[in-house]
>>> print(open('entry_10.tsv').read())   # TSV, C-alpha atoms
chain	number	residue	atom	x	y	z
M	1	MET	CA	-92.18	-22.71	-29.89
M	2	PRO	CA	-90.02	-23.15	-26.89
M	3	LYS	CA	-87.64	-20.36	-26.32
M	4	VAL	CA	-84.16	-21.54	-27.28
M	5	LYS	CA	-81.54	-20.02	-25.13
M	6	MET	CA	-78.75	-19.01	-27.45
M	7	PRO	CA	-75.35	-19.33	-25.83
M	8	ARG	CA	-73.69	-15.98	-25.90
M	9	LYS	CA	-70.21	-17.33	-25.58
M	10	SER	CA	-67.82	-16.05	-28.18
M	11	THR	CA	-66.56	-18.52	-30.77
M	12	SER	CA	-62.98	-17.29	-30.58
M	13	VAL	CA	-60.54	-19.81	-29.19
M	14	ASP	CA	-58.67	-19.00	-26.07
M	15	MET	CA	-55.16	-18.26	-27.23
M	16	THR	CA	-53.64	-17.76	-23.81
M	17	ALA	CA	-52.28	-21.26	-23.47
M	18	MET	CA	-50.80	-21.24	-26.93
M	19	CYS	CA	-49.29	-17.86	-26.29
M	20	ASP	CA	-47.75	-19.17	-23.10
M	21	VAL	CA	-46.13	-22.04	-24.95
M	22	ALA	CA	-44.91	-19.77	-27.72
M	23	PHE	CA	-43.22	-17.41	-25.32
M	24	LEU	CA	-41.84	-20.20	-23.22
M	25	LEU	CA	-40.14	-21.59	-26.33
M	26	LEU	CA	-39.03	-18.14	-27.34
M	27	THR	CA	-37.45	-17.53	-23.97
M	28	PHE	CA	-35.79	-20.93	-24.08
M	29	PHE	CA	-34.21	-20.34	-27.48
M	30	MET	CA	-33.14	-16.85	-26.60
M	31	LEU	CA	-31.43	-18.05	-23.47
M	32	ALA	CA	-30.03	-21.22	-24.99
M	33	THR	CA	-28.54	-19.41	-27.97
M	34	LYS	CA	-24.96	-18.70	-27.25
M	35	PHE	CA	-24.08	-15.38	-28.72
M	36	LYS	CA	-20.71	-15.04	-30.23
M	37	PRO	CA	-18.41	-13.63	-27.57
M	38	ASP	CA	-17.06	-10.24	-28.44
M	39	GLU	CA	-13.86	-10.93	-30.32
M	40	PRO	CA	-11.05	-8.41	-30.34
M	41	VAL	CA	-10.76	-8.76	-34.09
M	42	THR	CA	-13.12	-9.56	-36.90
M	43	VAL	CA	-12.08	-12.54	-38.94
M	44	VAL	CA	-13.65	-13.52	-42.25
M	45	THR	CA	-12.98	-17.19	-42.72
M	46	PRO	CA	-12.58	-18.78	-46.15
M	47	SER	CA	-15.18	-21.16	-47.52
M	48	SER	CA	-14.83	-24.86	-48.05
M	49	ILE	CA	-17.12	-27.76	-48.86
M	50	ASN	CA	-16.44	-29.45	-45.53
M	51	THR	CA	-19.54	-30.02	-43.45
M	52	THR	CA	-17.92	-31.11	-40.19
M	53	LEU	CA	-19.23	-28.94	-37.39
M	54	LEU	CA	-16.96	-27.07	-35.06
M	55	PRO	CA	-17.38	-28.71	-31.65
M	56	ASP	CA	-18.61	-26.56	-28.80
M	57	SER	CA	-16.38	-27.89	-26.09
M	58	ASP	CA	-12.83	-29.16	-25.70
M	59	VAL	CA	-11.48	-26.71	-28.20
M	60	LEU	CA	-8.34	-24.64	-28.22
M	61	LEU	CA	-9.08	-21.91	-30.71
M	62	PHE	CA	-6.37	-19.83	-32.28
M	63	THR	CA	-7.70	-16.82	-34.10
M	64	VAL	CA	-5.42	-15.17	-36.62
M	65	ASP	CA	-6.44	-11.83	-38.05
M	66	LYS	CA	-5.47	-10.41	-41.39
M	67	ASP	CA	-2.32	-8.79	-40.02
M	68	GLY	CA	-1.18	-12.11	-38.62
M	69	ARG	CA	-1.90	-11.38	-34.95
M	70	VAL	CA	-2.65	-14.57	-33.04
M	71	PHE	CA	-5.28	-14.73	-30.31
M	72	PHE	CA	-5.95	-17.62	-27.99
M	73	SER	CA	-9.24	-18.73	-26.54
M	74	MET	CA	-10.59	-21.80	-24.82
M	75	ASP	CA	-13.99	-22.96	-23.65
M	76	GLY	CA	-14.97	-23.76	-20.09
M	77	GLN	CA	-14.51	-21.30	-17.25
M	78	PRO	CA	-12.98	-23.77	-14.76
M	79	LYS	CA	-10.39	-24.74	-17.38
M	80	ARG	CA	-9.65	-21.11	-18.15
M	81	ARG	CA	-9.16	-20.46	-14.46
M	82	LYS	CA	-6.73	-23.35	-14.16
M	83	LEU	CA	-4.82	-22.12	-17.20
M	84	ILE	CA	-4.40	-18.58	-15.99
M	85	GLU	CA	-3.46	-19.69	-12.50
M	86	ASP	CA	-0.83	-22.03	-13.92
M	87	LEU	CA	0.56	-19.24	-16.07
M	88	ASN	CA	0.49	-16.89	-13.11
M	89	THR	CA	2.56	-19.23	-10.93
M	90	GLN	CA	4.94	-20.26	-13.66
M	91	PHE	CA	5.74	-16.86	-15.07
M	92	LYS	CA	5.30	-14.94	-11.78
M	93	LEU	CA	2.88	-12.50	-13.35
M	94	GLY	CA	1.46	-11.32	-10.04
M	95	LEU	CA	-2.14	-11.24	-11.24
M	96	ASP	CA	-4.76	-10.25	-8.69
M	97	ASP	CA	-8.20	-11.85	-8.38
M	98	LYS	CA	-9.83	-9.28	-10.59
M	99	GLU	CA	-7.41	-9.87	-13.44
M	100	VAL	CA	-7.79	-13.63	-13.14
M	101	GLN	CA	-11.55	-13.20	-13.25
M	102	ASN	CA	-11.18	-10.98	-16.32
M	103	PHE	CA	-9.42	-13.79	-18.11
M	104	VAL	CA	-11.90	-16.42	-16.98
M	105	VAL	CA	-14.96	-14.62	-18.29
M	106	GLY	CA	-13.26	-12.77	-21.13
M	107	ALA	CA	-12.92	-13.56	-24.81
M	108	SER	CA	-9.72	-14.19	-26.73
M	109	VAL	CA	-6.36	-13.10	-25.44
M	110	GLY	CA	-3.56	-12.00	-27.70
M	111	THR	CA	-0.56	-10.42	-26.08
M	112	PRO	CA	2.97	-11.37	-25.07
M	113	ILE	CA	2.94	-13.07	-21.68
M	114	LYS	CA	5.01	-10.30	-20.09
M	115	ASN	CA	2.21	-7.81	-20.86
M	116	LEU	CA	-0.51	-10.12	-19.62
M	117	LYS	CA	-1.02	-8.37	-16.29
M	118	GLN	CA	-1.61	-4.99	-17.85
M	119	TYR	CA	-3.65	-6.55	-20.63
M	120	LEU	CA	-6.03	-8.24	-18.23
M	121	SER	CA	-6.44	-5.17	-16.08
M	122	GLU	CA	-7.85	-3.25	-19.02
M	123	THR	CA	-11.27	-3.47	-20.60
M	124	PRO	CA	-11.51	-4.66	-24.22
M	125	GLU	CA	-12.20	-1.06	-25.19
M	126	GLN	CA	-9.02	0.20	-23.53
M	127	ARG	CA	-6.95	-2.56	-25.12
M	128	LYS	CA	-7.81	-1.28	-28.56
M	129	HIS	CA	-6.30	2.08	-27.72
M	130	SER	CA	-3.34	1.02	-25.62
M	131	GLY	CA	-2.02	-1.14	-28.45
M	132	LEU	CA	-1.57	-4.25	-26.34
M	133	ASP	CA	-3.52	-6.36	-28.82
M	134	THR	CA	-0.31	-7.31	-30.55
M	135	GLY	CA	-1.04	-11.00	-30.72
M	136	ILE	CA	0.86	-13.94	-29.29
M	137	PRO	CA	4.44	-14.05	-30.57
M	138	THR	CA	5.02	-17.05	-32.83
M	139	ASP	CA	8.52	-16.48	-34.12
M	140	SER	CA	11.10	-19.13	-33.36
M	141	ALA	CA	13.11	-16.91	-31.00
M	142	ASN	CA	10.19	-16.32	-28.66
M	143	ASN	CA	7.50	-18.84	-29.46
M	144	GLU	CA	4.85	-18.19	-26.82
M	145	LEU	CA	2.27	-19.94	-28.95
M	146	ALA	CA	3.85	-23.22	-27.88
M	147	THR	CA	3.48	-22.11	-24.24
M	148	TRP	CA	-0.21	-21.43	-24.72
M	149	ILE	CA	-0.71	-24.81	-26.37
M	150	GLU	CA	1.09	-26.54	-23.49
M	151	TYR	CA	-0.86	-24.75	-20.79
M	152	GLY	CA	-4.10	-25.16	-22.70
M	153	MET	CA	-3.48	-28.90	-22.79
M	154	ALA	CA	-2.52	-29.00	-19.14
M	155	ALA	CA	-5.75	-27.25	-18.21
M	156	GLN	CA	-7.83	-30.03	-19.78
M	157	GLY	CA	-7.03	-32.29	-16.88
M	158	GLY	CA	-5.49	-35.14	-18.82
M	159	ASN	CA	-8.27	-35.56	-21.34
M	160	PHE	CA	-6.37	-34.94	-24.57
M	161	ASN	CA	-8.21	-37.33	-26.84
M	162	LYS	CA	-11.25	-35.17	-27.29
M	163	LEU	CA	-9.29	-31.97	-27.47
M	164	LYS	CA	-9.40	-30.20	-30.83
M	165	TYR	CA	-6.98	-27.59	-32.03
M	166	CYS	CA	-8.73	-25.10	-34.23
M	167	ILE	CA	-7.19	-22.40	-36.33
M	168	LYS	CA	-9.49	-19.64	-37.41
M	169	ALA	CA	-7.67	-17.35	-39.76
M	170	ASP	CA	-8.72	-14.54	-42.01
M	171	ASN	CA	-8.86	-14.75	-45.79
M	172	ALA	CA	-6.05	-12.25	-46.09
M	173	THR	CA	-3.71	-13.73	-43.49
M	174	PRO	CA	-0.30	-14.12	-45.12
M	175	TYR	CA	0.73	-17.72	-45.60
M	176	PRO	CA	4.12	-17.52	-43.82
M	177	LYS	CA	2.27	-16.73	-40.58
M	178	ILE	CA	0.07	-19.79	-41.02
M	179	LYS	CA	3.16	-21.84	-41.70
M	180	GLU	CA	4.78	-20.63	-38.47
M	181	ILE	CA	1.69	-21.73	-36.56
M	182	LEU	CA	1.51	-25.09	-38.33
M	183	ASP	CA	5.21	-25.65	-37.62
M	184	THR	CA	4.63	-24.85	-33.96
M	185	PHE	CA	1.97	-27.53	-33.78
M	186	LYS	CA	4.23	-29.92	-35.63
M	187	LYS	CA	6.94	-29.36	-33.06
M	188	LYS	CA	4.47	-30.16	-30.32
M	189	HIS	CA	3.66	-33.40	-32.19
M	190	ILE	CA	0.11	-32.34	-32.81
M	191	GLN	CA	-0.79	-33.57	-36.25
M	192	LYS	CA	-4.54	-33.27	-36.31
M	193	LEU	CA	-5.73	-29.72	-36.69
M	194	ASN	CA	-9.02	-28.15	-37.64
M	195	LEU	CA	-9.31	-25.13	-39.86
M	196	VAL	CA	-12.45	-23.12	-39.31
M	197	THR	CA	-14.26	-22.40	-42.55
M	198	ASN	CA	-17.62	-21.36	-43.88
M	199	LEU	CA	-19.76	-23.77	-45.78
M	200	GLU	CA	-20.06	-23.56	-49.53
M	201	ALA	CA	-21.69	-25.95	-51.96
M	202	PRO	CA	-19.43	-28.20	-54.01
M	203	PRO	CA	-19.20	-26.87	-57.57
M	204	PRO	CA	-21.16	-28.82	-60.18
M	205	GLY	CA	-19.35	-31.33	-62.33
M	206	THR	CA	-16.81	-32.40	-59.73
M	207	ALA	CA	-16.29	-35.61	-57.83
M	208	ALA	CA	-17.57	-34.14	-54.57
M	209	TYR	CA	-20.67	-32.76	-56.28
M	210	GLU	CA	-21.56	-36.09	-57.83
M	211	GLU	CA	-21.09	-37.84	-54.54
M	212	MET	CA	-23.44	-35.40	-52.90
M	213	GLN	CA	-26.02	-35.92	-55.66
M	214	THR	CA	-25.99	-39.69	-55.35
M	215	GLY	CA	-26.14	-39.37	-51.59
M	216	GLY	CA	-22.88	-41.22	-51.20
M	217	LYS	CA	-20.95	-40.25	-48.14
M	218	LYS	CA	-17.31	-41.01	-48.23
M	219	ASP	CA	-16.05	-39.04	-45.29
U	1	MET	CA	-55.86	-16.90	-15.59
U	2	ALA	CA	-55.21	-14.18	-18.07
U	3	GLU	CA	-58.66	-14.66	-19.46
U	4	MET	CA	-61.21	-12.02	-18.69
U	5	ASP	CA	-64.48	-13.22	-20.00
U	6	THR	CA	-67.50	-11.08	-19.39
U	7	SER	CA	-69.54	-12.16	-22.37
U	8	SER	CA	-71.36	-14.91	-20.51
U	9	GLY	CA	-72.57	-12.67	-17.80
U	10	GLY	CA	-76.17	-13.62	-18.56
U	11	GLY	CA	-78.79	-10.93	-18.66
U	12	LYS	CA	-77.47	-9.10	-15.69
U	13	GLY	CA	-75.84	-6.37	-17.76
U	14	LYS	CA	-79.21	-5.15	-18.90
U	15	LYS	CA	-79.95	-3.83	-15.47
U	16	HIS	CA	-78.20	-0.58	-16.19
U	17	GLY	CA	-80.14	0.67	-19.16
U	18	GLY	CA	-78.50	-1.75	-21.66
U	19	THR	CA	-75.55	0.37	-22.74
U	20	LYS	CA	-74.10	-1.21	-25.84
U	21	SER	CA	-70.51	-1.04	-24.72
U	22	LYS	CA	-71.20	-3.42	-21.88
U	23	LYS	CA	-71.84	-6.24	-24.33
U	24	HIS	CA	-68.36	-6.02	-25.81
U	25	SER	CA	-65.95	-8.63	-24.63
U	26	THR	CA	-62.85	-7.39	-22.89
U	27	ARG	CA	-60.99	-10.43	-24.13
U	28	VAL	CA	-57.87	-9.50	-26.03
U	29	ASP	CA	-57.23	-11.10	-29.36
U	30	MET	CA	-53.98	-12.97	-28.83
U	31	THR	CA	-53.54	-14.17	-32.42
U	32	PRO	CA	-51.05	-11.49	-33.56
U	33	MET	CA	-49.08	-11.95	-30.39
U	34	VAL	CA	-48.84	-15.69	-30.93
U	35	ASP	CA	-47.87	-15.04	-34.54
U	36	LEU	CA	-45.08	-12.80	-33.41
U	37	GLY	CA	-44.00	-15.31	-30.80
U	38	PHE	CA	-43.68	-18.12	-33.31
U	39	LEU	CA	-41.98	-15.88	-35.81
U	40	LEU	CA	-39.30	-15.10	-33.27
U	41	ILE	CA	-38.98	-18.75	-32.31
U	42	THR	CA	-38.48	-19.70	-35.93
U	43	PHE	CA	-35.92	-16.96	-36.34
U	44	PHE	CA	-33.90	-18.04	-33.32
U	45	MET	CA	-34.10	-21.70	-34.26
U	46	LEU	CA	-32.85	-21.04	-37.77
U	47	THR	CA	-30.10	-18.61	-36.84
U	48	THR	CA	-28.67	-20.85	-34.15
U	49	THR	CA	-28.13	-23.72	-36.54
U	50	MET	CA	-27.06	-21.61	-39.49
U	51	SER	CA	-24.32	-19.57	-37.91
U	52	LYS	CA	-22.43	-22.64	-36.76
U	53	PRO	CA	-18.98	-22.56	-38.30
U	54	LYS	CA	-17.63	-25.58	-40.08
U	55	THR	CA	-14.18	-27.01	-39.79
U	56	MET	CA	-11.78	-28.61	-42.15
U	57	ASP	CA	-9.62	-31.42	-40.85
U	58	LEU	CA	-5.97	-30.98	-41.52
U	59	ILE	CA	-3.72	-33.84	-40.66
U	60	MET	CA	-0.08	-32.98	-40.72
U	61	PRO	CA	2.55	-35.58	-41.43
U	62	LYS	CA	5.11	-36.44	-38.85
U	63	ASP	CA	8.55	-35.03	-39.44
U	64	THR	CA	10.88	-37.90	-39.91
U	65	GLU	CA	14.59	-38.07	-40.36
U	66	ASN	CA	14.50	-41.70	-41.30
U	67	GLU	CA	14.85	-42.05	-45.06
U	68	LYS	CA	12.94	-45.32	-45.10
U	69	GLU	CA	9.86	-43.80	-43.55
U	70	GLN	CA	9.70	-40.97	-46.00
U	71	ASN	CA	7.28	-41.34	-48.84
U	72	LYS	CA	8.78	-41.25	-52.26
U	73	VAL	CA	6.79	-39.61	-55.00
U	74	LYS	CA	7.14	-40.72	-58.57
U	75	GLU	CA	7.89	-38.01	-61.06
U	76	SER	CA	5.16	-39.24	-63.38
U	77	THR	CA	2.33	-39.16	-60.86
U	78	ALA	CA	3.11	-35.80	-59.33
U	79	LEU	CA	1.51	-32.44	-59.94
U	80	THR	CA	3.12	-29.46	-58.28
U	81	ILE	CA	0.98	-26.44	-57.52
U	82	LEU	CA	2.48	-23.12	-56.47
U	83	LEU	CA	0.48	-20.37	-54.81
U	84	GLY	CA	1.59	-16.87	-55.66
U	85	LYS	CA	0.41	-13.40	-54.79
U	86	ASP	CA	-2.91	-11.87	-55.87
U	87	ASN	CA	-4.59	-15.28	-55.90
U	88	ARG	CA	-2.42	-16.51	-58.74
U	89	VAL	CA	-1.73	-20.19	-59.11
U	90	TYR	CA	1.11	-21.83	-60.96
U	91	TYR	CA	1.51	-25.48	-61.71
U	92	TYR	CA	3.75	-27.92	-63.44
U	93	GLU	CA	3.75	-31.66	-63.86
U	94	GLY	CA	6.29	-33.67	-61.98
U	95	LEU	CA	8.58	-32.56	-59.23
U	96	ALA	CA	11.01	-30.45	-61.26
U	97	GLN	CA	13.97	-32.43	-60.00
U	98	ASP	CA	15.46	-32.16	-63.44
U	99	PRO	CA	16.97	-28.67	-63.73
U	100	ASN	CA	16.67	-28.77	-67.50
U	101	ALA	CA	12.92	-29.19	-67.33
U	102	SER	CA	12.40	-25.46	-67.27
U	103	ALA	CA	14.04	-25.21	-70.66
U	104	ASN	CA	10.75	-26.38	-72.10
U	105	PRO	CA	8.55	-23.30	-72.47
U	106	ASP	CA	5.42	-25.42	-71.94
U	107	PHE	CA	6.63	-26.60	-68.57
U	108	PHE	CA	5.53	-23.88	-66.19
U	109	HIS	CA	1.95	-22.62	-66.35
U	110	ALA	CA	-0.02	-19.89	-64.64
U	111	THR	CA	-3.71	-20.20	-63.87
U	112	THR	CA	-6.37	-19.04	-61.39
U	113	PHE	CA	-8.85	-20.35	-58.85
U	114	ALA	CA	-11.72	-19.79	-61.31
U	115	ASN	CA	-14.42	-22.44	-61.45
U	116	LYS	CA	-14.02	-22.88	-65.19
U	117	GLY	CA	-10.63	-23.13	-66.84
U	118	GLY	CA	-8.81	-22.75	-63.54
U	119	ILE	CA	-6.62	-25.00	-61.50
U	120	ARG	CA	-9.50	-27.43	-60.93
U	121	ASP	CA	-9.56	-28.47	-64.57
U	122	GLU	CA	-5.85	-29.14	-64.45
U	123	ILE	CA	-6.17	-31.24	-61.30
U	124	ILE	CA	-8.97	-33.30	-62.84
U	125	LYS	CA	-7.03	-33.71	-66.07
U	126	LYS	CA	-3.92	-34.91	-64.27
U	127	ARG	CA	-5.95	-37.14	-61.94
U	128	ASP	CA	-7.65	-38.91	-64.81
U	129	GLU	CA	-4.43	-39.18	-66.77
U	130	VAL	CA	-2.61	-40.79	-63.86
U	131	ALA	CA	-5.54	-43.10	-63.09
U	132	LYS	CA	-5.05	-44.70	-66.50
U	133	THR	CA	-1.51	-45.74	-65.76
U	134	ARG	CA	-0.78	-48.87	-63.77
U	135	ASN	CA	1.83	-49.47	-61.13
U	136	ALA	CA	3.94	-52.58	-60.73
U	137	LYS	CA	1.08	-54.48	-59.09
U	138	GLY	CA	-1.29	-53.54	-61.87
U	139	GLU	CA	-3.34	-51.19	-59.74
U	140	PRO	CA	-4.26	-47.70	-60.90
U	141	GLU	CA	-1.83	-45.05	-59.79
U	142	ASP	CA	-2.86	-42.19	-57.51
U	143	VAL	CA	-1.96	-38.67	-58.39
U	144	VAL	CA	0.12	-36.91	-55.75
U	145	VAL	CA	-0.38	-33.18	-55.53
U	146	ILE	CA	2.46	-31.17	-54.09
U	147	ILE	CA	1.34	-27.81	-52.74
U	148	LYS	CA	3.90	-25.09	-52.29
U	149	ALA	CA	2.84	-21.70	-51.07
U	150	ASP	CA	4.95	-18.66	-51.77
U	151	ASP	CA	5.41	-16.00	-49.08
U	152	ASP	CA	2.93	-13.73	-50.82
U	153	ALA	CA	0.13	-16.29	-50.72
U	154	THR	CA	-2.72	-15.80	-48.27
U	155	TYR	CA	-4.50	-18.18	-45.99
U	156	LYS	CA	-7.50	-18.09	-48.32
U	157	ASN	CA	-5.38	-19.50	-51.16
U	158	PHE	CA	-4.15	-22.24	-48.88
U	159	VAL	CA	-7.63	-23.23	-47.78
U	160	ASP	CA	-8.92	-22.96	-51.34
U	161	ILE	CA	-6.33	-25.35	-52.65
U	162	LEU	CA	-6.94	-27.81	-49.79
U	163	ASP	CA	-10.60	-27.49	-50.62
U	164	GLU	CA	-9.86	-28.34	-54.25
U	165	MET	CA	-8.32	-31.56	-52.97
U	166	ALA	CA	-11.55	-32.33	-51.12
U	167	ILE	CA	-13.69	-31.32	-54.08
U	168	ASN	CA	-11.81	-33.53	-56.50
U	169	ARG	CA	-11.28	-36.34	-53.99
U	170	ILE	CA	-7.52	-36.27	-54.27
U	171	GLN	CA	-6.40	-38.71	-51.62
U	172	ARG	CA	-2.72	-37.93	-51.61
U	173	TYR	CA	-1.42	-34.43	-51.29
U	174	ALA	CA	1.30	-32.71	-49.36
U	175	THR	CA	2.29	-29.20	-48.47
U	176	VAL	CA	5.96	-28.61	-49.01
U	177	ASP	CA	8.25	-25.63	-48.51
U	178	ILE	CA	8.77	-23.65	-51.64
U	179	SER	CA	12.20	-23.86	-53.22
U	180	ASP	CA	14.28	-21.01	-54.59
U	181	GLN	CA	13.93	-22.49	-58.04
U	182	ASP	CA	10.15	-22.28	-57.78
U	183	LYS	CA	10.32	-18.71	-56.55
U	184	GLN	CA	12.50	-17.81	-59.47
U	185	TRP	CA	10.07	-19.37	-61.93
U	186	ILE	CA	7.21	-17.44	-60.38
U	187	LYS	CA	9.17	-14.20	-60.71
U	188	GLN	CA	9.99	-14.93	-64.32
U	189	THR	CA	6.39	-15.71	-65.16
U	190	GLU	CA	5.21	-12.61	-63.36
U	191	SER	CA	7.59	-10.33	-65.22
U	192	ALA	CA	6.75	-12.04	-68.50
U	193	ASN	CA	3.05	-11.50	-67.89
U	194	GLY	CA	3.62	-7.96	-66.78
U	195	ALA	CA	5.42	-7.21	-70.01
U	196	GLN	CA	2.57	-8.46	-72.11
>>> encode(input="entry_10.tsv", output="structure tokens")
Amino acid sequence: MPKVKMPRKSTSVDMTAMCDVAFLLLTFFMLATKFKPDEPVTVVTPSSINTTLLPDSDVLLFTVDKDGRVFFSMDGQPKRRKLIEDLNTQFKLGLDDKEVQNFVVGASVGTPIKNLKQYLSETPEQRKHSGLDTGIPTDSANNELATWIEYGMAAQGGNFNKLKYCIKADNATPYPKIKEILDTFKKKHIQKLNLVTNLEAPPPGTAAYEEMQTGGKKD
Amino acid sequence: MAEMDTSSGGGKGKKHGGTKSKKHSTRVDMTPMVDLGFLLITFFMLTTTMSKPKTMDLIMPKDTENEKEQNKVKESTALTILLGKDNRVYYYEGLAQDPNASANPDFFHATTFANKGGIRDEIIKKRDEVAKTRNAKGEPEDVVVIIKADDDATYKNFVDILDEMAINRIQRYATVDISDQDKQWIKQTESANGAQ
């Protein structure tokens, strides 16, 4: 009998390549995932059956917390820079480069414009203690919300068609505050608004539920 | 690259007295690591899509002074819903333009946002009732829901009632400022319920 040379190679598959791919994907998703920016307030939004997604860009977002404080935020750092520089010139705020940069990279802003300089010079942690997080005034005597909308629009560079105005309010926000905000938009002739909500399933036995069951899509 | 395979070293290892440990492969089993990798990938993929908030479109009507441009609502096709405090809902049929309407004790009702026996049932009832009637052209009428929120109502109530409109496919609805008459009715109902 001829001597058969048994290969001594192990039968286990080389996992290195697969592992490489797995971690490449992992890294990609970790980096691509945009974490929620640190908001000054926590807002629990109500649920609705609407499935329209909140767009990522071209959004002016107004966050309203349960005490009715209004915060403004906008996507896009170049646009944010333009906005704060416009405000700076118009209202003679005297912001330095550091404060401008704070606004550009920061999260929502909610303070009267006259306090903006001090507000931006502080860290989010300090703001909580100094009590400057009072929200943007919306009352008719001093409606700075309208100013923010104007400057937010101006910062888009003329591209208003895609711009969405989102209101993200808390479950417990009193209705009169919402009405003030809606009226402000109305005065600015902005009729199309988006309310940020969570998704919930349509309740059984209703028109929307049956439409979903039959796969019919009306809107 | 990362592979360190010594198993195929031929018979050379036997030179040094054939210690058993030499035969063991130094190759690391990557399977658990890959498992973990894919688990994390799956987690990140799912969480990114799930946490995306949804939006509800709200289209506000234009304020108009011109009487001709204003929409007139028929008394018979209207359902007025009032939002009160503590998630309470009140409703009545029609627009209550007739001051004597409140004389009828069955006119003003209180209800809740409950799934069963709440405001939804009333909306569906009214919708189907109105759909049976015909307008001058012989087409089915559309119910018009008038939403009035009291000062004590919350944003949640407001979104919930707009959501009811979407759930029940009510095409025509409007949010209107609450009148003093409505406020008074809410107060009366509240005190009446409190007394019970």
>>> axis_aligned_box(input="entry_10.tsv", around="segment 153-167 of chain U", padding_each_side="5 Å", output="lines of an AutoDock Vina configuration file")
center_x = -6.8
center_y = -24.1
center_z = -50.1
size_x = 23.8
size_y = 26.5
size_z = 18.3
>>> closest_residue(input="entry_10.tsv", among="U:Thr112, U:Gln184, U:Asn157, U:Gln171", to="chain M", atoms="all atoms listed in the file")
U:Asn157
>>> residues_around(input="entry_10.tsv", residues="Tyr151 of chain M", least_positions_apart="3", cutoff="6 Å", atoms="only C-alpha atoms", output="number ranges by chain")
M: 83, 148, 154
>>> interface_residues(input="entry_10.tsv", of="chain M", to="chain U", cutoff="7 Å", atoms="only C-alpha atoms", output="VMD selection string")
chain M and resid 8 to 9 15 to 16 19 22 to 23 25 to 26 29 to 30 33 46 48 to 54 170 to 176 178 191 to 199 202 206 to 208
>>> atom_distance(input="entry_10.tsv", atom1="atom CA of Thr42 of chain M", atom2="atom CA of Leu120 of chain M")
20.0 Å
>>> residues_near_point(input="entry_10.tsv", point="(1.3, -35.8, -61.6)", cutoff="6 Å", atoms="all atoms listed in the file", output="list in words")
Ser76, Thr77, Ala78, Leu79, Glu93, Gly94, Lys126 and Val143 of chain U
>>> atom_distance(input="entry_10.tsv", atom1="atom CA of Gln156 of chain M", atom2="atom CA of Ser57 of chain M")
10.8 Å
>>> closest_residue(input="entry_10.tsv", among="U:Leu95, U:Ile123, U:Val73, U:Ile81", to="Thr175 of chain U", atoms="all atoms listed in the file")
U:Ile81
>>> atom_distance(input="entry_10.tsv", atom1="atom CA of Lys164 of chain M", atom2="atom CA of Phe185 of chain M")
12.0 Å
>>> closest_residue(input="entry_10.tsv", among="U:Glu141, U:Asp86, U:Glu190, U:Asp180", to="Phe113 of chain U", atoms="all atoms listed in the file")
U:Asp86
>>> residues_around(input="entry_10.tsv", residues="segment 130-134 of chain M", least_positions_apart="5", cutoff="7 Å", atoms="only C-alpha atoms", output="number ranges by chain")
M: 69, 110-111, 119
>>> residues_around(input="entry_10.tsv", residues="Leu163 of chain M", least_positions_apart="4", cutoff="9 Å", atoms="only C-alpha atoms", output="PyMOL selection string")
chain M and resi 57-60+153+156+159
>>> closest_residue(input="entry_10.tsv", among="M:Asn143, M:Lys5, M:Pro203, M:Ser121", to="Ala114 of chain U", atoms="all atoms listed in the file")
M:Pro203
>>> closest_residue(input="entry_10.tsv", among="M:Gln101, M:Gly106, M:Glu211, M:Leu116", to="Asn88 of chain M", atoms="only C-alpha atoms")
M:Leu116
>>> closest_residue(input="entry_10.tsv", among="U:Ile147, U:Ala174, U:Val89, U:Leu82", to="Gly118 of chain U", atoms="only C-alpha atoms")
U:Val89
>>> decode(input="entry_10.tsv", residues="segment 143-151 of chain U", atoms="N, CA and C atoms", output="PDB file, in the first residue's frame")
ATOM      1  N   VAL U 143     -68.926  65.668   6.218  1.00  0.00           N
ATOM      2  CA  VAL U 143     -69.021  66.227   7.567  1.00  0.00           C
ATOM      3  C   VAL U 143     -67.892  67.254   7.739  1.00  0.00           C
ATOM      4  N   VAL U 144     -68.182  68.312   8.458  1.00  0.00           N
ATOM      5  CA  VAL U 144     -67.161  69.314   8.759  1.00  0.00           C
ATOM      6  C   VAL U 144     -66.968  69.322  10.268  1.00  0.00           C
ATOM      7  N   VAL U 145     -65.766  69.024  10.692  1.00  0.00           N
ATOM      8  CA  VAL U 145     -65.492  68.983  12.127  1.00  0.00           C
ATOM      9  C   VAL U 145     -64.844  70.296  12.531  1.00  0.00           C
ATOM     10  N   ILE U 146     -65.425  70.925  13.507  1.00  0.00           N
ATOM     11  CA  ILE U 146     -64.874  72.175  14.035  1.00  0.00           C
ATOM     12  C   ILE U 146     -64.167  71.845  15.348  1.00  0.00           C
ATOM     13  N   ILE U 147     -62.898  72.138  15.413  1.00  0.00           N
ATOM     14  CA  ILE U 147     -62.130  71.829  16.620  1.00  0.00           C
ATOM     15  C   ILE U 147     -61.846  73.116  17.372  1.00  0.00           C
ATOM     16  N   LYS U 148     -62.250  73.134  18.617  1.00  0.00           N
ATOM     17  CA  LYS U 148     -61.975  74.305  19.450  1.00  0.00           C
ATOM     18  C   LYS U 148     -61.271  73.820  20.695  1.00  0.00           C
ATOM     19  N   ALA U 149     -60.095  74.367  20.929  1.00  0.00           N
ATOM     20  CA  ALA U 149     -59.343  73.951  22.110  1.00  0.00           C
ATOM     21  C   ALA U 149     -59.450  75.017  23.183  1.00  0.00           C
ATOM     22  N   ASP U 150     -59.782  74.577  24.372  1.00  0.00           N
ATOM     23  CA  ASP U 150     -59.832  75.491  25.509  1.00  0.00           C
ATOM     24  C   ASP U 150     -58.400  75.789  25.960  1.00  0.00           C
ATOM     25  N   ASP U 151     -58.253  76.789  26.815  1.00  0.00           N
ATOM     26  CA  ASP U 151     -56.909  77.172  27.275  1.00  0.00           C
ATOM     27  C   ASP U 151     -56.250  76.096  28.119  1.00  0.00           C
TER      28      ASP U 151
END
